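Structure file run.csv with CSV, C-alpha atoms and all ligand atoms:
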```
chain,number,residue,atom,x,y,z
B,1,MET,CA,-20.1,16.1,20.8
B,2,SER,CA,-20.1,15.1,17.2
B,3,SER,CA,-17.0,15.7,15.0
B,4,LYS,CA,-16.9,18.8,12.8
B,5,ILE,CA,-15.3,17.5,9.6
B,6,LEU,CA,-13.9,19.4,6.6
B,7,ILE,CA,-13.5,17.5,3.3
B,8,ILE,CA,-11.2,19.2,0.8
B,9,GLY,CA,-11.7,18.0,-2.7
B,10,ALA,CA,-15.2,16.7,-1.9
B,11,GLY,CA,-16.3,16.9,-5.5
B,12,GLY,CA,-13.9,14.2,-6.7
B,13,GLN,CA,-14.5,10.5,-7.2
B,14,ILE,CA,-13.7,9.4,-3.6
B,15,GLY,CA,-14.5,12.8,-2.0
B,16,SER,CA,-18.1,12.8,-3.1
B,17,GLU,CA,-18.9,9.3,-1.8
B,18,LEU,CA,-16.9,10.0,1.4
B,19,THR,CA,-19.0,13.1,2.0
B,20,THR,CA,-22.2,11.1,1.7
B,21,LYS,CA,-21.1,8.4,4.1
B,22,LEU,CA,-19.7,10.9,6.7
B,23,ARG,CA,-22.9,12.9,6.6
B,24,GLU,CA,-24.9,9.7,7.3
B,25,ALA,CA,-22.6,8.9,10.2
B,26,HIS,CA,-22.2,12.4,11.8
B,27,GLY,CA,-25.1,14.4,10.5
B,28,THR,CA,-25.1,16.6,7.4
B,29,GLU,CA,-24.5,19.8,9.4
B,30,ASN,CA,-21.3,18.5,10.8
B,31,ILE,CA,-19.7,17.7,7.5
B,32,ILE,CA,-18.4,20.7,5.5
B,33,ALA,CA,-17.8,19.8,1.9
B,34,SER,CA,-15.4,21.9,-0.1
B,35,ASP,CA,-13.9,22.0,-3.6
B,36,ILE,CA,-12.3,24.5,-6.0
B,37,ASN,CA,-15.5,24.9,-7.9
B,38,THR,CA,-19.2,24.2,-7.7
B,39,ARG,CA,-19.3,21.7,-10.6
B,40,ASN,CA,-20.7,18.9,-8.5
B,41,LEU,CA,-24.1,20.4,-8.0
B,42,ASP,CA,-25.5,17.4,-6.0
B,43,LEU,CA,-22.8,18.0,-3.5
B,44,VAL,CA,-23.2,21.8,-3.4
B,45,ASN,CA,-27.0,21.5,-2.9
B,46,SER,CA,-27.0,18.6,-0.3
B,47,GLY,CA,-25.3,20.3,2.7
B,48,PRO,CA,-22.7,22.8,3.9
B,49,PHE,CA,-20.4,23.6,1.1
B,50,GLU,CA,-17.4,26.0,0.7
B,51,ILE,CA,-15.3,26.9,-2.3
B,52,ILE,CA,-11.7,26.3,-1.2
B,53,ASP,CA,-8.5,26.1,-3.3
B,54,ALA,CA,-6.5,23.4,-1.6
B,55,LYS,CA,-3.3,25.4,-2.5
B,56,ASN,CA,-4.6,28.4,-0.4
B,57,PHE,CA,-3.4,28.1,3.2
B,58,ASN,CA,-5.5,31.0,4.5
B,59,ALA,CA,-8.7,29.7,2.9
B,60,ILE,CA,-8.3,26.3,4.7
B,61,LYS,CA,-7.3,27.9,8.0
B,62,ASP,CA,-10.2,30.4,7.9
B,63,CYS,CA,-12.7,27.6,7.1
B,64,CYS,CA,-11.4,25.4,10.0
B,65,LYS,CA,-11.7,28.4,12.3
B,66,HIS,CA,-15.1,29.4,11.1
B,67,TYR,CA,-16.7,26.0,11.5
B,68,ASN,CA,-14.5,24.9,14.5
B,69,ILE,CA,-13.3,21.9,12.4
B,70,ASP,CA,-11.6,19.0,14.3
B,71,THR,CA,-11.0,16.6,11.5
B,72,VAL,CA,-9.8,17.2,7.9
B,73,TYR,CA,-10.0,14.7,5.0
B,74,LEU,CA,-7.6,16.1,2.2
B,75,MET,CA,-8.9,14.4,-1.0
B,76,ALA,CA,-7.7,17.0,-3.6
B,77,ALA,CA,-4.9,15.8,-5.9
B,78,LEU,CA,-3.9,15.5,-9.5
B,79,LEU,CA,-3.7,11.8,-10.4
B,80,SER,CA,-1.1,9.8,-12.3
B,81,ALA,CA,-2.0,10.4,-15.9
B,82,THR,CA,-2.8,14.1,-15.4
B,83,GLY,CA,0.4,14.5,-13.3
B,84,GLU,CA,2.5,13.4,-16.3
B,85,LYS,CA,0.9,16.1,-18.5
B,86,TYR,CA,1.2,18.8,-15.8
B,87,PRO,CA,4.1,17.8,-13.5
B,88,MET,CA,4.7,21.2,-11.7
B,89,GLU,CA,0.9,21.7,-11.2
B,90,ALA,CA,0.7,18.2,-9.7
B,91,TRP,CA,3.7,18.8,-7.4
B,92,ASP,CA,2.2,22.2,-6.3
B,93,LEU,CA,-1.3,20.9,-5.6
B,94,ASN,CA,-0.4,17.5,-4.1
B,95,MET,CA,2.4,18.8,-1.9
B,96,ASN,CA,1.4,22.3,-0.8
B,97,SER,CA,-2.1,21.2,0.1
B,98,LEU,CA,-0.6,18.6,2.4
B,99,PHE,CA,1.8,21.0,4.0
B,100,HIS,CA,-1.1,23.5,4.7
B,101,VAL,CA,-3.2,20.9,6.4
B,102,LEU,CA,-0.3,19.4,8.4
B,103,ASN,CA,0.8,22.8,9.6
B,104,ILE,CA,-2.7,23.8,10.6
B,105,ALA,CA,-2.9,20.5,12.5
B,106,LYS,CA,0.5,21.1,14.1
B,107,GLY,CA,-0.8,24.4,15.3
B,108,GLY,CA,-3.4,22.4,17.3
B,109,THR,CA,-6.6,23.7,15.8
B,110,ILE,CA,-7.5,20.3,14.2
B,111,GLN,CA,-7.2,16.9,16.0
B,112,LYS,CA,-7.1,14.4,13.1
B,113,VAL,CA,-6.1,14.4,9.4
B,114,TYR,CA,-6.7,11.9,6.6
B,115,TRP,CA,-4.5,12.0,3.5
B,116,PRO,CA,-4.7,9.4,0.7
B,117,SER,CA,-1.6,7.8,-0.7
B,118,SER,CA,-1.6,5.3,-3.5
B,119,ILE,CA,0.1,2.1,-4.9
B,120,ALA,CA,1.7,4.7,-7.2
B,121,VAL,CA,4.4,5.1,-4.5
B,122,PHE,CA,5.8,1.8,-5.8
B,123,GLY,CA,7.9,1.6,-8.9
B,124,PRO,CA,9.5,-0.8,-11.4
B,125,THR,CA,12.1,-1.9,-8.8
B,126,THR,CA,9.4,-2.9,-6.3
B,127,PRO,CA,8.5,-6.6,-6.0
B,128,ARG,CA,5.3,-6.8,-8.1
B,129,ASP,CA,3.5,-9.7,-6.5
B,130,HIS,CA,2.0,-9.3,-3.0
B,131,THR,CA,4.0,-6.1,-2.6
B,132,PRO,CA,4.9,-5.8,1.2
B,133,GLN,CA,4.3,-2.8,3.5
B,134,HIS,CA,8.0,-2.0,3.7
B,135,THR,CA,9.9,-2.4,0.4
B,136,THR,CA,11.7,-0.5,-2.3
B,137,CYS,CA,9.8,2.6,-3.4
B,138,GLU,CA,11.2,4.2,-6.5
B,139,PRO,CA,8.1,5.7,-8.3
B,140,THR,CA,8.6,6.8,-11.9
B,141,THR,CA,5.5,9.1,-12.0
B,142,VAL,CA,5.1,12.7,-10.6
B,143,TYR,CA,2.0,11.5,-8.8
B,144,GLY,CA,3.9,8.6,-7.3
B,145,ILE,CA,6.7,10.9,-6.2
B,146,THR,CA,4.3,13.3,-4.5
B,147,LYS,CA,2.7,10.4,-2.7
B,148,GLN,CA,6.1,8.9,-1.6
B,149,VAL,CA,7.3,12.3,-0.3
B,150,GLY,CA,3.9,13.0,1.3
B,151,GLU,CA,4.1,9.8,3.2
B,152,ARG,CA,7.5,10.8,4.6
B,153,TRP,CA,6.1,14.2,5.7
B,154,CYS,CA,3.1,12.5,7.3
B,155,GLU,CA,5.3,10.2,9.4
B,156,TYR,CA,7.6,13.2,10.3
B,157,TYR,CA,4.7,15.4,11.4
B,158,HIS,CA,3.4,12.6,13.5
B,159,LYS,CA,6.7,11.7,15.2
B,160,LYS,CA,8.0,15.3,15.6
B,161,TYR,CA,4.8,17.2,16.4
B,162,GLY,CA,2.3,14.5,17.4
B,163,VAL,CA,-0.1,15.2,14.5
B,164,ASP,CA,-2.6,12.4,14.2
B,165,VAL,CA,-2.4,12.0,10.5
B,166,ARG,CA,-3.6,8.7,8.9
B,167,SER,CA,-3.2,7.4,5.4
B,168,LEU,CA,-4.0,4.6,3.0
B,169,ARG,CA,-2.3,3.5,-0.2
B,170,TYR,CA,-5.4,3.2,-2.3
B,171,PRO,CA,-5.4,0.8,-5.3
B,172,GLY,CA,-7.5,1.7,-8.3
B,173,ILE,CA,-11.0,2.5,-7.2
B,174,ILE,CA,-14.1,1.6,-9.1
B,175,SER,CA,-17.4,3.5,-8.5
B,176,HIS,CA,-20.6,4.3,-10.4
B,177,LYS,CA,-21.6,7.6,-8.8
B,178,THR,CA,-18.8,10.0,-9.8
B,179,MET,CA,-16.4,9.5,-12.7
B,180,PRO,CA,-12.7,9.4,-11.9
B,181,GLY,CA,-10.4,11.9,-13.5
B,182,GLY,CA,-7.0,11.5,-14.9
B,183,GLY,CA,-6.0,8.1,-13.5
B,184,THR,CA,-4.4,5.1,-15.0
B,185,THR,CA,-7.0,2.8,-13.5
B,186,ASP,CA,-9.9,4.8,-14.9
B,187,TYR,CA,-10.4,2.1,-17.6
B,188,ALA,CA,-11.9,-0.1,-14.9
B,189,VAL,CA,-14.7,2.5,-14.5
B,190,GLU,CA,-15.1,3.5,-18.2
B,191,ILE,CA,-15.5,-0.1,-19.3
B,192,TYR,CA,-18.8,-0.5,-17.3
B,193,HIS,CA,-20.3,2.7,-18.7
B,194,GLU,CA,-19.3,1.7,-22.3
B,195,ALA,CA,-20.6,-1.8,-21.9
B,196,ILE,CA,-24.0,-0.5,-21.2
B,197,LYS,CA,-24.0,2.6,-23.4
B,198,ASN,CA,-22.3,1.2,-26.5
B,199,GLY,CA,-21.7,-2.6,-26.0
B,200,LYS,CA,-18.0,-2.1,-26.8
B,201,TYR,CA,-14.9,-0.6,-25.3
B,202,GLU,CA,-11.4,0.3,-26.5
B,203,CYS,CA,-9.1,-0.3,-23.5
B,204,PHE,CA,-6.0,1.9,-23.1
B,205,LEU,CA,-4.2,-0.9,-21.2
B,206,SER,CA,-3.1,-4.2,-22.6
B,207,GLU,CA,-5.3,-7.2,-21.8
B,208,ASN,CA,-3.0,-8.9,-19.3
B,209,THR,CA,-2.1,-5.8,-17.2
B,210,SER,CA,-2.9,-6.9,-13.7
B,211,LEU,CA,-3.4,-4.1,-11.2
B,212,PRO,CA,-4.7,-3.9,-7.6
B,213,MET,CA,-8.2,-2.6,-7.5
B,214,MET,CA,-11.1,-2.0,-5.1
B,215,PHE,CA,-14.8,-1.2,-5.2
B,216,MET,CA,-15.6,2.2,-3.8
B,217,ASP,CA,-17.7,0.9,-0.9
B,218,ASP,CA,-14.7,-1.0,0.4
B,219,ALA,CA,-12.4,2.1,0.0
B,220,ILE,CA,-14.8,4.3,1.9
B,221,LYS,CA,-15.2,1.6,4.7
B,222,ALA,CA,-11.4,1.3,4.9
B,223,THR,CA,-11.0,5.1,5.2
B,224,ILE,CA,-13.6,5.5,7.9
B,225,ASP,CA,-12.5,2.4,9.8
B,226,LEU,CA,-8.9,3.7,9.8
B,227,MET,CA,-10.0,7.1,11.1
B,228,GLN,CA,-12.0,5.5,13.9
B,229,ALA,CA,-9.3,3.0,14.9
B,230,PRO,CA,-7.7,3.6,18.3
B,231,ALA,CA,-4.4,5.5,17.8
B,232,GLU,CA,-2.4,3.2,20.0
B,233,GLY,CA,-3.0,0.3,17.7
B,234,LEU,CA,-1.6,2.0,14.6
B,235,THR,CA,1.9,1.0,13.7
B,236,ILE,CA,2.1,2.8,10.4
B,237,ARG,CA,2.1,6.6,10.1
B,238,SER,CA,3.4,6.8,6.6
B,239,SER,CA,0.6,5.0,4.8
B,240,TYR,CA,-1.0,1.6,5.0
B,241,ASN,CA,-1.0,-0.9,2.1
B,242,LEU,CA,-4.6,-1.6,1.3
B,243,SER,CA,-5.9,-4.3,-1.0
B,244,ALA,CA,-9.1,-6.1,-2.1
B,245,ILE,CA,-8.9,-7.6,-5.6
B,246,SER,CA,-6.4,-7.7,-8.5
B,247,PHE,CA,-7.5,-8.1,-12.1
B,248,THR,CA,-6.6,-7.5,-15.7
B,249,PRO,CA,-8.7,-5.8,-18.4
B,250,LYS,CA,-9.3,-9.3,-19.7
B,251,ASP,CA,-10.7,-10.5,-16.4
B,252,ILE,CA,-13.1,-7.5,-16.1
B,253,TYR,CA,-14.2,-7.9,-19.7
B,254,GLU,CA,-15.0,-11.6,-19.1
B,255,SER,CA,-16.9,-10.7,-15.9
B,256,ILE,CA,-19.0,-8.2,-17.8
B,257,LYS,CA,-19.4,-10.5,-20.8
B,258,SER,CA,-20.9,-13.2,-18.6
B,259,ARG,CA,-23.7,-10.7,-17.9
B,260,ILE,CA,-23.8,-8.9,-21.3
B,261,PRO,CA,-22.9,-11.6,-23.9
B,262,GLU,CA,-22.7,-9.2,-26.8
B,263,PHE,CA,-20.1,-7.0,-25.1
B,264,LYS,CA,-16.9,-6.5,-27.2
B,265,ILE,CA,-13.4,-5.2,-26.2
B,266,THR,CA,-10.4,-4.0,-28.2
B,267,TYR,CA,-7.0,-3.0,-26.8
B,268,GLN,CA,-5.1,0.2,-27.7
B,269,PRO,CA,-2.4,0.8,-25.1
B,270,ASP,CA,-1.4,4.4,-24.7
B,271,PHE,CA,1.1,6.3,-22.4
B,272,ARG,CA,-0.7,5.0,-19.4
B,273,GLN,CA,0.5,1.5,-20.1
B,274,THR,CA,4.0,2.6,-19.1
B,275,ILE,CA,2.6,3.9,-15.8
B,276,ALA,CA,0.6,0.7,-15.1
B,277,ASP,CA,3.7,-1.5,-15.9
B,278,SER,CA,5.6,0.3,-13.1
B,279,TRP,CA,3.0,-0.5,-10.5
B,280,PRO,CA,2.5,-3.8,-8.5
B,281,SER,CA,0.1,-6.5,-9.7
B,282,SER,CA,-1.0,-7.3,-6.2
B,283,ILE,CA,-0.6,-5.9,-2.6
B,284,ASP,CA,0.1,-7.5,0.8
B,285,ASP,CA,-2.1,-5.5,3.2
B,286,SER,CA,-1.6,-7.9,6.2
B,287,VAL,CA,-0.4,-5.0,8.4
B,288,ALA,CA,-3.7,-3.1,7.9
B,289,ARG,CA,-5.7,-6.4,8.6
B,290,GLN,CA,-3.6,-6.9,11.8
B,291,ASP,CA,-3.6,-3.3,13.1
B,292,TRP,CA,-7.2,-2.2,12.6
B,293,LYS,CA,-9.0,-5.4,11.4
B,294,TRP,CA,-9.4,-4.4,7.8
B,295,GLN,CA,-11.5,-6.7,5.6
B,296,HIS,CA,-12.7,-6.1,2.1
B,297,SER,CA,-16.2,-7.3,1.0
B,298,PHE,CA,-16.4,-6.9,-2.9
B,299,ASP,CA,-14.8,-9.4,-5.3
B,300,LEU,CA,-14.8,-8.8,-9.1
B,301,ASP,CA,-18.2,-10.4,-9.8
B,302,THR,CA,-20.0,-8.8,-6.9
B,303,MET,CA,-18.6,-5.5,-8.1
B,304,THR,CA,-19.7,-6.1,-11.7
B,305,ASP,CA,-23.2,-7.0,-10.5
B,306,THR,CA,-23.4,-3.7,-8.5
B,307,MET,CA,-21.9,-1.5,-11.2
B,308,LEU,CA,-24.1,-2.9,-14.0
B,309,SER,CA,-27.3,-2.7,-12.0
B,310,GLU,CA,-26.6,0.9,-10.8
B,311,LEU,CA,-25.5,2.1,-14.3
B,312,LYS,CA,-28.5,0.5,-16.0
B,313,LYS,CA,-30.7,2.8,-13.8
B,314,LYS,CA,-28.6,5.7,-15.1
B,315,TYR,CA,-28.6,4.9,-18.8
B,316,LEU,CA,-31.6,2.6,-19.6
B,401,LIG,C1,-4.6,6.7,-10.6
B,401,LIG,N1,-6.7,6.1,-9.6
B,401,LIG,O1,-4.8,5.9,-11.5
B,401,LIG,C2,-5.4,6.6,-9.3
B,401,LIG,C3,-4.7,5.6,-8.4
B,401,LIG,C4,-3.6,3.4,-8.0
B,401,LIG,C5,-4.1,4.4,-9.0
B,401,LIG,O2,-3.8,6.3,-7.6
B,401,LIG,O3,-3.7,7.5,-10.7
```

Would you put the structure from the file into structure tokens?
Ligand code: VAH
Amino acid sequence: MSSKILIIGAGGQIGSELTTKLREAHGTENIIASDINTRNLDLVNSGPFEIIDAKNFNAIKDCCKHYNIDTVYLMAALLSATGEKYPMEAWDLNMNSLFHVLNIAKGGTIQKVYWPSSIAVFGPTTPRDHTPQHTTCEPTTVYGITKQVGERWCEYYHKKYGVDVRSLRYPGIISHKTMPGGGTTDYAVEIYHEAIKNGKYECFLSENTSLPMMFMDDAIKATIDLMQAPAEGLTIRSSYNLSAISFTPKDIYESIKSRIPEFKITYQPDFRQTIADSWPSSIDDSVARQDWKWQHSFDLDTMTDTMLSELKKKYL
């Protein structure tokens, strides 16, 4: 019998593309998309949709019971930049939504949980190059703190209560379908839109700020591959390091300029530079590659080709 899957935060950058892919794999009627509002009309009008506030335990529990849900993807969160503006709201949403889903899973009504972590769990005292799976994690953002604590709770609920919760430390994710919101890596999405719309972009990070990044198709593949992997092969129940490419704003500018010669960039670092400076420049994801055969597909130039060709359809 096919899985019955609930996606909380389905209207977001990752959630919207995850919903599409899971509907293709399991059938539209088996995927219940939910979000706190109906802003993403494509999502609302393309299959089963429920308005759920991820901070509301009973709303989640009632939805799981109503649809006989066996798997939950919890994609709702306030990201790094927004979390610095609204710290208590970020703690409330990011932590309480996780507790609600873990406690419903502990009660036995759902079999499997996916919860995204992030490279934001690392901080300025973490080794920056090829950051290992197990290392110092002293995050200096509210978002990073919620992800670090959330990882601890995921591992605790797995070991203490047998909850099958799985997680990935996403790098910055680049996509063309849904804009990201409130992240420090959002520049790597904005730059493609601006290159096509205006031929110029003012980057809020300095030109040599190297960060781990990934094209959305790779992130979705990693998420679904992890959730389909045999449980006995998984050695990490906090969150897996995940990596594909690392690049600087200068690298992505040059990749775009090789296709749009007149494209211009300027740099005006803002408060997000401090956040980016606290994160690794590259990630060692060898444990994920060993445990569940993770392999990325997109490098910077193949991502640039895809982003520009898809966005040209949107703007030109
Ligand atoms: C952010 N896009 O910028 C997210 C992500 C690694 C960065 O967690 O906050």

> What does the distance between CA of Trp115 in chain B and CA of Ser167 in chain B come to in Å, to one decimal place?
Replying inline: 5.1 Å

> Could you list, as a PyMOL selection string, all the residues within 9 Å of ligand LIG 401 (chain B), counting all atoms listed in the file?
Replying inline: chain B and resi 78-83+116-121+143-144+169-174+180-186+211-213+272+275-276+279

> When you draw a straight line from CA of Ser281 in chain B to CA of Ser16 in chain B, how long is it in Å?
Replying inline: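 Those two atoms sit 27.3 Å apart.
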
Closest atom pairs, residues of range 137-200 of chain B within 12 Å of range 33-52 of chain B, all atoms listed in the file, as CSV:
```
residue,atom,partner,partner_atom,distance
B:Lys177,CA,B:Asp42,CA,10.9
B:Thr178,CA,B:Asn40,CA,9.2
B:Met179,CA,B:Asn40,CA,11.2
```

>> Please compute the CA of Ala231 in chain B-CA of Gly107 in chain B distance, one decimal, in Å.
In response: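 These two atoms are separated by 19.4 Å.
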
>> Excluding Ile196 in chain B and its own-chain neighbours fewer than 6 positions away, which residues fall within 9 Å of it when counting all atoms listed in the file? Please give them as a ChimeraX atom specification.
In response: /B:260,263,308,311-312,315-316

>> So, with all atoms listed in the file as the atoms that count, which of B:Thr126, B:Asn30, B:Asn68, B:Gln228 lies closest to Gly108 in chain B?
In response: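 Residue with the minimum atom-to-atom distance to Gly108 in chain B: B:Asn68.
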
> From the set B:Tyr67, B:Phe215, B:Phe57, B:Tyr86, which residue has the shortest atom-to-atom contact distance to His100 in chain B, counting only C-alpha atoms?
Replying inline: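 Smallest separation from His100 in chain B among the options: B:Phe57.
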
> For Phe271 in chain B, which residue out of B:Thr136, B:Val142, B:Cys63, B:Leu205 is the nearest one, using only C-alpha atoms?
Replying inline: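 Nearest candidate to Phe271 in chain B out of B:Thr136, B:Val142, B:Cys63, B:Leu205: B:Leu205.
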
> Restricting the calculation to only C-alpha atoms, which member of B:Leu98, B:Ile104, B:Ile265, B:Leu242 is positioned closest to Met75 in chain B?
Replying inline: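 Of B:Leu98, B:Ile104, B:Ile265, B:Leu242, the one nearest Met75 in chain B is B:Leu98, counting only C-alpha atoms.
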
> Hey, what's within 9 Å of Gly15 in chain B if we count all atoms listed in the file and toss same-chain stuff fewer than 6 positions away? As a PyMOL selection string, please?
Replying inline: chain B and resi 7-9+33+73-76

>> For a quick check of understanding, using only C-alpha atoms, which of B:Thr304, B:Asn56, B:Gln290, B:Gln273 has the smallest distance to Asp251 in chain B?
In response: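 Ranking B:Thr304, B:Asn56, B:Gln290, B:Gln273 by distance to Asp251 in chain B, first place goes to B:Thr304.
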
>> List as a ChimeraX atom specification the protein and nucleic acid residues near Arg289 in chain B, meaning an atom at most 12 Å away when only C-alpha atoms are counted, but skip any in the same chain fewer than 3 places from it.
In response: /B:133,222,225-226,229,233-235,240-244,284-286,292-296

Saved selection, atoms kept: C-alpha atoms, as a PDB file, keeping the file's coordinate frame:
```pdb
ATOM      1  CA  GLN B 133       4.300  -2.800   3.500  1.00  0.00           C
ATOM      2  CA  ALA B 222     -11.400   1.300   4.900  1.00  0.00           C
ATOM      3  CA  ASP B 225     -12.500   2.400   9.800  1.00  0.00           C
ATOM      4  CA  LEU B 226      -8.900   3.700   9.800  1.00  0.00           C
ATOM      5  CA  ALA B 229      -9.300   3.000  14.900  1.00  0.00           C
ATOM      6  CA  GLY B 233      -3.000   0.300  17.700  1.00  0.00           C
ATOM      7  CA  LEU B 234      -1.600   2.000  14.600  1.00  0.00           C
ATOM      8  CA  THR B 235       1.900   1.000  13.700  1.00  0.00           C
ATOM      9  CA  TYR B 240      -1.000   1.600   5.000  1.00  0.00           C
ATOM     10  CA  ASN B 241      -1.000  -0.900   2.100  1.00  0.00           C
ATOM     11  CA  LEU B 242      -4.600  -1.600   1.300  1.00  0.00           C
ATOM     12  CA  SER B 243      -5.900  -4.300  -1.000  1.00  0.00           C
ATOM     13  CA  ALA B 244      -9.100  -6.100  -2.100  1.00  0.00           C
ATOM     14  CA  ASP B 284       0.100  -7.500   0.800  1.00  0.00           C
ATOM     15  CA  ASP B 285      -2.100  -5.500   3.200  1.00  0.00           C
ATOM     16  CA  SER B 286      -1.600  -7.900   6.200  1.00  0.00           C
ATOM     17  CA  TRP B 292      -7.200  -2.200  12.600  1.00  0.00           C
ATOM     18  CA  LYS B 293      -9.000  -5.400  11.400  1.00  0.00           C
ATOM     19  CA  TRP B 294      -9.400  -4.400   7.800  1.00  0.00           C
ATOM     20  CA  GLN B 295     -11.500  -6.700   5.600  1.00  0.00           C
ATOM     21  CA  HIS B 296     -12.700  -6.100   2.100  1.00  0.00           C
TER      22      HIS B 296
END
```

Is it possible to get the axis-aligned box enclosing range 175-182 of chain B (all listed atoms, 5 Å extra per side) as JSON, with centre and edge lengths in Å rounded to one decimal?
```
{"center_x": -14.3, "center_y": 7.7, "center_z": -11.7, "size_x": 24.6, "size_y": 18.4, "size_z": 16.4}
```

>> Restricting the calculation to only C-alpha atoms: of B:Tyr253, B:Phe247, B:Phe99, B:Tyr267, which residue gets closest to Val113 in chain B?
In response: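 Once distances to Val113 in chain B are computed over only C-alpha atoms, the minimum belongs to B:Phe99.
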
>> If we count all atoms listed in the file and set the cut-off at 10 Å, which residues sit around Glu202 in chain B, ignoring sequence neighbours fewer than 5 positions away in its own chain? Please answer as JSON, numbers by chain.
In response: {"B": [187, 190, 191, 194, 264, 265, 266, 267, 268, 269]}

As a CSV table (one decimal), keeping the file's coordinate frame, could you write out range 24-37 of chain B once it has been completed with N, CA and C atoms?
```csv
chain,number,residue,atom,x,y,z
B,24,GLU,N,-24.0,10.7,6.7
B,24,GLU,CA,-24.9,9.7,7.3
B,24,GLU,C,-24.4,9.3,8.7
B,25,ALA,N,-23.1,9.3,8.9
B,25,ALA,CA,-22.6,8.9,10.2
B,25,ALA,C,-22.6,10.0,11.2
B,26,HIS,N,-22.4,11.2,10.8
B,26,HIS,CA,-22.2,12.4,11.8
B,26,HIS,C,-23.3,13.4,11.7
B,27,GLY,N,-24.1,13.3,10.7
B,27,GLY,CA,-25.1,14.4,10.5
B,27,GLY,C,-24.6,15.4,9.5
B,28,THR,N,-25.5,15.7,8.6
B,28,THR,CA,-25.1,16.6,7.4
B,28,THR,C,-24.5,17.9,7.9
B,29,GLU,N,-25.0,18.5,8.9
B,29,GLU,CA,-24.5,19.8,9.4
B,29,GLU,C,-23.1,19.8,9.9
B,30,ASN,N,-22.6,18.6,10.3
B,30,ASN,CA,-21.3,18.5,10.8
B,30,ASN,C,-20.2,18.2,9.8
B,31,ILE,N,-20.6,18.1,8.5
B,31,ILE,CA,-19.7,17.7,7.5
B,31,ILE,C,-19.7,18.9,6.5
B,32,ILE,N,-18.5,19.6,6.4
B,32,ILE,CA,-18.4,20.7,5.5
B,32,ILE,C,-17.6,20.2,4.3
B,33,ALA,N,-18.4,20.2,3.2
B,33,ALA,CA,-17.8,19.8,1.9
B,33,ALA,C,-17.1,21.0,1.2
B,34,SER,N,-16.0,20.8,0.6
B,34,SER,CA,-15.4,21.9,-0.1
B,34,SER,C,-14.7,21.4,-1.4
B,35,ASP,N,-14.6,22.3,-2.4
B,35,ASP,CA,-13.9,22.0,-3.6
B,35,ASP,C,-13.5,23.3,-4.3
B,36,ILE,N,-12.8,23.2,-5.3
B,36,ILE,CA,-12.3,24.5,-6.0
B,36,ILE,C,-13.4,25.1,-6.8
B,37,ASN,N,-14.4,24.3,-7.1
B,37,ASN,CA,-15.5,24.9,-7.9
B,37,ASN,C,-16.8,24.2,-7.5
```
